[in-house]
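Student: The structure is given below, and queries will be raised subsequently.
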Amino acid sequence: MRIGLFIPCYIDAFFPEVGIATLELLERFNHEVVYPRDQTCCGQPMANSGFNADCAATEALFVRNFSGFDYVVAPSGSCVHHVRENFDAIEQSAEVKEVRARTFELVEFLHDIQKPEGFPWARFPHRVGLHNSCGTLRRLKHARPSELNEPYFSKPMDLLSKVDGIQFAMPARPDECCGFGGTFSVFEEVVSTKMGYDKVSDHARAGAEYIVSADTSCLMHQQGCAERIGVPIKFIHIAQILNGAGA
Amino acid sequence: MSLPAKPSEPPMLHPELRAADDADAIHKDGRRLDHAEGSSRALQSRPEEQPRGAKIHGSRPVDQAEAAARFIAAPEHEKMHDERLWDLRQKRDREMHGIPEWEELRSLASVIKEHTLTHLDEYLDQFEATAQRNGVHVHWAQDAAEHNRIVHGILRDHGARSLIKSKSMLTEECGLRAYMASVGVEVIETDLGERIQQLDNEDPSHVVVPAVHKLRTDVAQVFARTLGTDRDNSDVHYLAESQRQANRPLILAADAGMTGCNFAIAETGGVTVCTNEGNADLSANVPKLHIASIGIEKVIPRLEHLAVFVRLLSRSALGSPITQYTSHFRAPREGGEMHVVLVDNGRSARLGLAQFWTSLKCIRCGACMNTCPVPAQRRLELRRDLFRSHWPHH
């Protein structure tokens, strides 16, 4: 398959290793992965802050960059959610609709479309705590949220369970928000930080050496919180583990 | 340290003869009898002071970030609040898992609400007609101000100067207490949590548990100031009983009673109120005059629909299978009068908003406030903001 690699702007700027792991992982499955050079932010921060009309230019550019691929894959739940569920600042032409429908978050793509038997190149002999970003959990439906009385499932857990040597630490509040929330962390600094402290402490009490997530932005926030209160825990994106990091 | 005589004890008992665990006992050498690890004098830690709610600056937006920062800076309050709401959440989840058809019930409730809201005019007319047939006076209020004027008008017609009231978020939304104070009517809240908040001159911090942000030591301070209790005694039974003794005479002497409404049933004209303290029954039945304030979104078509909502409400709100009291008021008590005030206050405008009309399905169980950690840690500020901005023209 021909895949357009969509690397969200903050991953490009702060966590390029996550983008690289995503590229390598997709290439391991023999896909033709293309990184359109002109890509920018998809417009999510503007839309979330109530400036939807201001997204028009970034949305149009996104469609120009990612039109014509079999799939567009990104290692970020909130950006994919914006593209697929919002993204209406521009006219909804057939091309726009097509690009939106073909855009997938990495875990979704692997779990629902790639369906790999395993990740034989990966080995991660550590105790990890899975962080379900609240948006990715409830909007992209990565897993069953704990407040619903529905059968259990977890796409990231299914994938991680295929990695050799991995063990899981189960926090007491499995899918509580870590307090990042994009601009929320700026405007509600104290609440955001307190939630981050609580989150990393919960994982540490459960015995996690690493917190793993499909959302780098949550990890960025939690990493800052952990460093500030001295919680000795490491952070890693799910793409890195599945691609064989630490092996 | 002086040793004041305890009037209740035999006056001549020498301190050396007192039991070793008596704080006033001393050794022969004059030292207090103290445990080796104990303190040489009785120590009393000062309870952490309650952080106050958001500072209100007229109609400007509430600065909830500032208020939340102060609340989080009070570790005992923050910890207790967080644990209490998480406990509510866990109890709710346990109840949910005890009902295999839980999600089906929620969907059914949602569909009933959707149907009702898309035929709201018809069901409101039906409710009005059946209520009138039952002998109930029905009033319509366009907004909060009209609601307050109507209630005041009913009270004036009866020469009522005091009003006992069960917990109602609609009357909070309308600012009823402040209005009644301005026209010289005394309002007495009959729900314990709401009464605490009233005595402390504070808004409720949660739609279900209005004083959840307070420690019992905070309540001891409030009651000491307003009811004359011992400020150092924060035993919950003592506090609850003291409040009960202070409030009962006010309830018995009240001129009028008021309740909110959880569900208004179009088919029967009945008003259903769910409480855990039986205080809606006191408010509605003790005085001869009962006024129920009802948001127009509270109407449901038939009595059988009530069963769906009653199964959901308390499980979602408190993690209990049902509230202690589910009270149905359908007609005035013998020799009394019953009025209902149907309040719009922005609801019909909201009904016309394609993206927001579903908010009118809300049954005020408060589960979202216990599940999302943002309100759970912000407390009062969010609620104040919610009351003020919930309806479009606020």
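Here, A, B, ... name the chains of the structure tokens in the order displayed, residue numbers run from 1 inside each chain, and ligands are numbered from 1 in the same displayed order.
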Quick one: contact table of chain A to chain B, 12 Å max, nearest atom pair and distance in Å to one decimal per residue, counting only C-alpha atoms, chain and number order, as a tab-separated table?

Tutor:
residue	atom	partner	partner_atom	distance
A:Cys134	CA	B:Cys372	CA	9.6
A:Gly135	CA	B:Cys372	CA	11.9
A:Pro145	CA	B:Thr371	CA	10.9
A:Ser146	CA	B:Asp93	CA	8.2
A:Glu147	CA	B:Asp93	CA	6.5
A:Leu148	CA	B:Glu103	CA	7.3
A:Asn149	CA	B:His97	CA	6.2
A:Glu150	CA	B:Glu103	CA	7.6
A:Pro151	CA	B:Pro100	CA	10.9
A:Ala172	CA	B:Trp86	CA	10.6
A:Arg173	CA	B:Trp86	CA	9.0
A:Pro174	CA	B:Thr371	CA	11.9
A:Asp175	CA	B:Thr371	CA	10.0
A:Glu176	CA	B:Pro373	CA	7.0
A:Cys177	CA	B:Pro373	CA	6.9
A:Cys178	CA	B:Pro373	CA	8.9
A:Gly179	CA	B:Val374	CA	7.7
A:Phe180	CA	B:Val374	CA	10.7
A:Gly181	CA	B:Val374	CA	10.3
A:Phe184	CA	B:Val374	CA	10.1
A:Ser185	CA	B:Ala65	CA	10.9
A:Val186	CA	B:Ala65	CA	10.4
A:Phe187	CA	B:Ala65	CA	7.5
A:Glu188	CA	B:Ala65	CA	5.5
A:Glu189	CA	B:Ala65	CA	7.7
A:Val190	CA	B:Ala69	CA	5.6
A:Val191	CA	B:Ala68	CA	6.8
A:Ser192	CA	B:Val374	CA	8.2
A:Thr193	CA	B:Ala69	CA	10.4
A:Lys194	CA	B:Ile72	CA	7.8
A:Met195	CA	B:Pro373	CA	7.6
A:Gly196	CA	B:Pro373	CA	10.9
A:Asp198	CA	B:Pro373	CA	10.4
A:Lys199	CA	B:Pro373	CA	10.8

Student: Restricting it to N, CA, C and O atoms, dump the selection as a compact mmCIF listing (two decimals), in the first residue's frame.

Tutor:
# COMPACT_ATOMS: atom_id res chain seq x y z
N CYS A 134 -7.57 10.48 26.90
CA CYS A 134 -9.04 10.43 27.03
C CYS A 134 -9.75 10.69 25.71
O CYS A 134 -10.79 10.10 25.42
N GLY A 135 -9.18 11.54 24.88
CA GLY A 135 -9.80 11.81 23.58
C GLY A 135 -9.68 10.63 22.63
O GLY A 135 -10.64 10.22 21.99
N PRO A 145 -13.94 2.53 27.37
CA PRO A 145 -13.72 3.37 28.56
C PRO A 145 -14.34 2.72 29.79
O PRO A 145 -15.37 2.04 29.68
N SER A 146 -13.74 2.92 30.95
CA SER A 146 -14.17 2.18 32.15
C SER A 146 -15.56 2.58 32.62
O SER A 146 -16.16 1.86 33.41
N GLU A 147 -16.09 3.71 32.17
CA GLU A 147 -17.42 4.12 32.65
C GLU A 147 -18.56 3.44 31.89
O GLU A 147 -19.72 3.61 32.25
N LEU A 148 -18.22 2.67 30.83
CA LEU A 148 -19.28 2.00 30.07
C LEU A 148 -19.39 0.53 30.45
O LEU A 148 -18.38 -0.14 30.69
N ASN A 149 -20.62 0.04 30.48
CA ASN A 149 -20.88 -1.38 30.76
C ASN A 149 -20.95 -2.13 29.43
O ASN A 149 -22.01 -2.56 29.00
N GLU A 150 -19.80 -2.23 28.79
CA GLU A 150 -19.71 -2.91 27.49
C GLU A 150 -18.56 -3.91 27.55
O GLU A 150 -17.72 -3.80 28.44
N PRO A 151 -18.52 -4.85 26.63
CA PRO A 151 -17.42 -5.83 26.67
C PRO A 151 -16.06 -5.14 26.54
O PRO A 151 -15.91 -4.18 25.80
N ALA A 172 -4.54 2.48 39.25
CA ALA A 172 -5.83 2.40 39.94
C ALA A 172 -6.93 3.11 39.14
O ALA A 172 -8.08 2.70 39.17
N ARG A 173 -6.57 4.19 38.45
CA ARG A 173 -7.56 4.91 37.66
C ARG A 173 -7.15 4.79 36.19
O ARG A 173 -6.45 5.65 35.68
N PRO A 174 -7.58 3.71 35.55
CA PRO A 174 -6.97 3.31 34.27
C PRO A 174 -7.10 4.33 33.14
O PRO A 174 -6.20 4.45 32.33
N ASP A 175 -8.22 5.04 33.08
CA ASP A 175 -8.34 5.92 31.92
C ASP A 175 -8.71 7.35 32.32
O ASP A 175 -9.50 8.00 31.68
N GLU A 176 -8.14 7.78 33.41
CA GLU A 176 -8.37 9.16 33.80
C GLU A 176 -7.43 10.08 33.02
O GLU A 176 -6.29 9.72 32.73
N CYS A 177 -7.93 11.23 32.67
CA CYS A 177 -7.16 12.22 31.90
C CYS A 177 -5.92 12.64 32.69
O CYS A 177 -5.95 12.75 33.90
N CYS A 178 -4.81 12.86 31.99
CA CYS A 178 -3.56 13.25 32.64
C CYS A 178 -3.46 14.75 32.81
O CYS A 178 -2.52 15.25 33.40
N GLY A 179 -4.44 15.48 32.28
CA GLY A 179 -4.44 16.93 32.49
C GLY A 179 -3.83 17.74 31.36
O GLY A 179 -3.80 18.97 31.43
N PHE A 180 -3.37 17.07 30.30
CA PHE A 180 -2.75 17.86 29.23
C PHE A 180 -3.80 18.69 28.48
O PHE A 180 -3.91 19.88 28.69
N GLY A 181 -4.58 18.05 27.65
CA GLY A 181 -5.69 18.74 27.02
C GLY A 181 -5.32 19.94 26.16
O GLY A 181 -6.09 20.88 26.05
N PHE A 184 -5.67 23.59 27.28
CA PHE A 184 -6.10 23.49 28.67
C PHE A 184 -4.90 23.61 29.61
O PHE A 184 -4.97 24.26 30.66
N SER A 185 -3.78 22.99 29.21
CA SER A 185 -2.60 23.00 30.08
C SER A 185 -2.00 24.40 30.21
O SER A 185 -1.23 24.67 31.12
N VAL A 186 -2.36 25.27 29.28
CA VAL A 186 -1.86 26.65 29.34
C VAL A 186 -2.81 27.50 30.19
O VAL A 186 -2.39 28.23 31.08
N PHE A 187 -4.11 27.38 29.91
CA PHE A 187 -5.08 28.25 30.58
C PHE A 187 -5.44 27.76 31.98
O PHE A 187 -5.91 28.52 32.81
N GLU A 188 -5.27 26.49 32.23
CA GLU A 188 -5.61 25.92 33.54
C GLU A 188 -4.38 25.22 34.09
O GLU A 188 -4.42 24.04 34.42
N GLU A 189 -3.32 25.98 34.20
CA GLU A 189 -2.02 25.40 34.53
C GLU A 189 -2.03 24.57 35.81
O GLU A 189 -1.50 23.45 35.85
N VAL A 190 -2.64 25.11 36.87
CA VAL A 190 -2.54 24.43 38.17
C VAL A 190 -3.32 23.11 38.17
O VAL A 190 -2.81 22.09 38.64
N VAL A 191 -4.54 23.14 37.64
CA VAL A 191 -5.34 21.91 37.59
C VAL A 191 -4.64 20.89 36.69
O VAL A 191 -4.51 19.71 37.03
N SER A 192 -4.16 21.36 35.54
CA SER A 192 -3.48 20.50 34.58
C SER A 192 -2.27 19.82 35.22
O SER A 192 -2.07 18.60 35.07
N THR A 193 -1.49 20.59 35.94
CA THR A 193 -0.27 20.06 36.55
C THR A 193 -0.62 19.05 37.66
O THR A 193 -0.01 17.98 37.75
N LYS A 194 -1.62 19.41 38.47
CA LYS A 194 -2.02 18.50 39.56
C LYS A 194 -2.48 17.16 39.00
O LYS A 194 -2.13 16.09 39.51
N MET A 195 -3.24 17.22 37.90
CA MET A 195 -3.70 15.98 37.28
C MET A 195 -2.54 15.18 36.75
O MET A 195 -2.52 13.94 36.82
N GLY A 196 -1.55 15.86 36.21
CA GLY A 196 -0.34 15.19 35.71
C GLY A 196 0.42 14.51 36.84
O GLY A 196 0.85 13.35 36.71
N ASP A 198 -0.82 13.47 39.66
CA ASP A 198 -1.62 12.32 40.11
C ASP A 198 -1.46 11.14 39.15
O ASP A 198 -1.37 9.99 39.55
N LYS A 199 -1.44 11.47 37.86
CA LYS A 199 -1.36 10.42 36.84
C LYS A 199 -0.04 9.65 36.95
O LYS A 199 -0.03 8.42 36.98

Student: Might you pull out every residue within 9 Å of segment 118-128 of chain B, with only C-alpha atoms counted and same-chain residues fewer than 3 positions away left off, and present them as a list of chain:residue names?

Tutor: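 Listing them by chain and then by number gives B:Lys113, B:Glu114, B:His115, B:Ala131, B:Gln132, B:Arg133, B:Val136, B:His137, B:Val138, B:His139, B:Ala264, B:Ile265, B:Ala266, B:Glu267, B:Thr268, B:Gly269, B:Gly270, B:Ile296, B:Glu297, B:Val299, B:Ile300, B:Pro301, B:Leu342, B:Leu351.
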
Student: At a cut-off of 10 Å, using only C-alpha atoms, what residues contact Thr323 of chain B? Leave out same-chain residues fewer than 3 positions from it and give the result as a PyMOL selection string.

Tutor: chain B and resi 273-278+310-311+313-315+317-320+326-327

Student: Write a file of the selected residues as an mmCIF file, in the first residue's frame, keeping N, CA and C atoms.

Tutor:
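New file part.cif:
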data_model
loop_
_atom_site.group_PDB
_atom_site.id
_atom_site.type_symbol
_atom_site.label_atom_id
_atom_site.label_comp_id
_atom_site.auth_asym_id
_atom_site.auth_seq_id
_atom_site.Cartn_x
_atom_site.Cartn_y
_atom_site.Cartn_z
ATOM 1 N N VAL B 273 -40.076 13.848 42.935
ATOM 2 C CA VAL B 273 -38.870 14.424 43.520
ATOM 3 C C VAL B 273 -38.118 13.312 44.242
ATOM 4 N N CYS B 274 -36.813 13.191 43.948
ATOM 5 C CA CYS B 274 -35.996 12.137 44.550
ATOM 6 C C CYS B 274 -35.055 12.755 45.582
ATOM 7 N N THR B 275 -35.135 12.290 46.818
ATOM 8 C CA THR B 275 -34.209 12.781 47.842
ATOM 9 C C THR B 275 -33.746 11.606 48.691
ATOM 10 N N ASN B 276 -32.674 11.851 49.453
ATOM 11 C CA ASN B 276 -32.216 10.837 50.388
ATOM 12 C C ASN B 276 -32.538 11.203 51.824
ATOM 13 N N GLU B 277 -33.102 12.376 52.038
ATOM 14 C CA GLU B 277 -33.352 12.824 53.410
ATOM 15 C C GLU B 277 -34.837 12.968 53.703
ATOM 16 N N GLY B 278 -35.685 12.725 52.722
ATOM 17 C CA GLY B 278 -37.116 12.900 52.945
ATOM 18 C C GLY B 278 -37.510 14.355 53.069
ATOM 19 N N VAL B 310 -35.775 6.368 36.967
ATOM 20 C CA VAL B 310 -35.506 6.131 38.384
ATOM 21 C C VAL B 310 -34.432 5.058 38.552
ATOM 22 N N ARG B 311 -34.391 4.108 37.648
ATOM 23 C CA ARG B 311 -33.338 3.084 37.732
ATOM 24 C C ARG B 311 -31.963 3.681 37.437
ATOM 25 N N LEU B 313 -31.129 7.135 37.749
ATOM 26 C CA LEU B 313 -30.747 8.383 38.423
ATOM 27 C C LEU B 313 -29.809 8.177 39.612
ATOM 28 N N SER B 314 -30.250 7.425 40.595
ATOM 29 C CA SER B 314 -29.457 7.340 41.814
ATOM 30 C C SER B 314 -28.218 6.462 41.639
ATOM 31 N N ARG B 315 -28.330 5.460 40.769
ATOM 32 C CA ARG B 315 -27.141 4.650 40.478
ATOM 33 C C ARG B 315 -26.055 5.538 39.876
ATOM 34 N N ALA B 317 -25.885 8.844 40.108
ATOM 35 C CA ALA B 317 -25.546 9.998 40.947
ATOM 36 C C ALA B 317 -24.687 9.603 42.135
ATOM 37 N N LEU B 318 -25.131 8.591 42.875
ATOM 38 C CA LEU B 318 -24.488 8.269 44.148
ATOM 39 C C LEU B 318 -24.033 6.821 44.230
ATOM 40 N N GLY B 319 -24.325 6.041 43.199
ATOM 41 C CA GLY B 319 -23.967 4.634 43.272
ATOM 42 C C GLY B 319 -24.866 3.866 44.224
ATOM 43 N N SER B 320 -26.076 4.342 44.425
ATOM 44 C CA SER B 320 -27.054 3.588 45.229
ATOM 45 C C SER B 320 -28.188 3.167 44.302
ATOM 46 N N THR B 326 -38.558 8.466 46.925
ATOM 47 C CA THR B 326 -38.974 8.871 45.587
ATOM 48 C C THR B 326 -40.422 9.324 45.768
ATOM 49 N N SER B 327 -40.615 10.612 45.833
ATOM 50 C CA SER B 327 -41.904 11.157 46.269
ATOM 51 C C SER B 327 -42.692 11.662 45.076
#

Student: May I ask for the distance between atom CA of Glu194 of chain B and atom CA of Gln245 of chain B, given in Å to one decimal place?

Tutor: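 Result for atom CA of Glu194 of chain B versus atom CA of Gln245 of chain B: 16.3 Å, one decimal.
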
Student: Which one of A:Lys97, A:Arg205, A:His81, A:Lys162 sits closest to Gly43 of chain A if you count only C-alpha atoms?

Tutor: A:His81

Student: Would you kindly return, as a PyMOL selection string, each protein, DNA or RNA residue with an atom no farther than 12 Å from any atom of segment 148-154 of chain B, considering only C-alpha atoms and excluding same-chain residues fewer than 3 positions away?

Tutor: chain B and resi 137-145+157-163+170-187+255-259+289-293+337-343+345

Student: Can you check which residues of segment 4-243 of chain A DSSP gives as strand (DSSP E or B) on the backbone and send them as a PyMOL selection string?

Tutor: chain A and resi 4-5+32-34+71-74+103-105+123+127-131+143+154+164+167-168+210-213+234-237

Student: Next, write the just-selected residues to a file, as an mmCIF file, in the first residue's frame, keeping C-alpha atoms as the atom set.

Tutor:
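Okay, this is what ended up in result_19.cif:
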data_model
loop_
_atom_site.group_PDB
_atom_site.id
_atom_site.type_symbol
_atom_site.label_atom_id
_atom_site.label_comp_id
_atom_site.auth_asym_id
_atom_site.auth_seq_id
_atom_site.Cartn_x
_atom_site.Cartn_y
_atom_site.Cartn_z
ATOM 1 C CA GLY A 4 1.095 9.168 3.350
ATOM 2 C CA LEU A 5 2.954 9.690 6.622
ATOM 3 C CA GLU A 32 5.533 2.460 0.334
ATOM 4 C CA VAL A 33 5.626 5.273 2.856
ATOM 5 C CA VAL A 34 5.793 8.838 1.573
ATOM 6 C CA TYR A 71 -4.057 5.566 3.650
ATOM 7 C CA VAL A 72 -2.815 8.532 5.633
ATOM 8 C CA VAL A 73 -1.299 7.394 8.943
ATOM 9 C CA ALA A 74 -0.286 9.514 11.937
ATOM 10 C CA THR A 103 -6.791 9.088 7.588
ATOM 11 C CA PHE A 104 -5.967 6.694 10.435
ATOM 12 C CA GLU A 105 -4.188 6.839 13.725
ATOM 13 C CA ARG A 123 11.413 -7.169 22.567
ATOM 14 C CA ARG A 127 6.827 -3.203 33.155
ATOM 15 C CA VAL A 128 4.820 -0.622 31.287
ATOM 16 C CA GLY A 129 1.712 1.323 32.205
ATOM 17 C CA LEU A 130 -0.560 2.107 29.276
ATOM 18 C CA HIS A 131 -1.862 5.645 29.141
ATOM 19 C CA ALA A 143 -10.557 0.791 23.955
ATOM 20 C CA SER A 154 -8.246 -2.458 23.945
ATOM 21 C CA ASP A 164 8.082 -10.286 23.617
ATOM 22 C CA GLN A 167 4.666 -6.796 31.327
ATOM 23 C CA PHE A 168 1.880 -4.463 32.318
ATOM 24 C CA TYR A 210 7.627 3.181 31.484
ATOM 25 C CA ILE A 211 4.416 4.945 30.571
ATOM 26 C CA VAL A 212 3.491 4.115 27.000
ATOM 27 C CA SER A 213 0.862 5.885 24.951
ATOM 28 C CA LYS A 234 10.348 6.795 31.659
ATOM 29 C CA PHE A 235 8.125 7.612 28.714
ATOM 30 C CA ILE A 236 7.857 5.987 25.337
ATOM 31 C CA HIS A 237 5.496 6.141 22.371
#

Student: Do you know which residues are at most 10 Å from Arg100 of chain A counting only C-alpha atoms, after dropping those on the same chain fewer than 2 positions away, and could you put them as an NGL selection string?

Tutor: :A and (62-63 or 66-67 or 71-72 or 80-87 or 92 or 94-98 or 102-104)

Student: Rounded to one decimal in Å, what is the spacing between atom CA of Gly295 of chain B and atom CA of Asp344 of chain B?

Tutor: 6.3 Å

Student: For a quick check of understanding, using only C-alpha atoms, which of B:Leu282, B:Ala224, B:Leu353, B:Val208 has the smallest distance to Leu88 of chain B?

Tutor: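 Nearest candidate to Leu88 of chain B out of B:Leu282, B:Ala224, B:Leu353, B:Val208: B:Val208.
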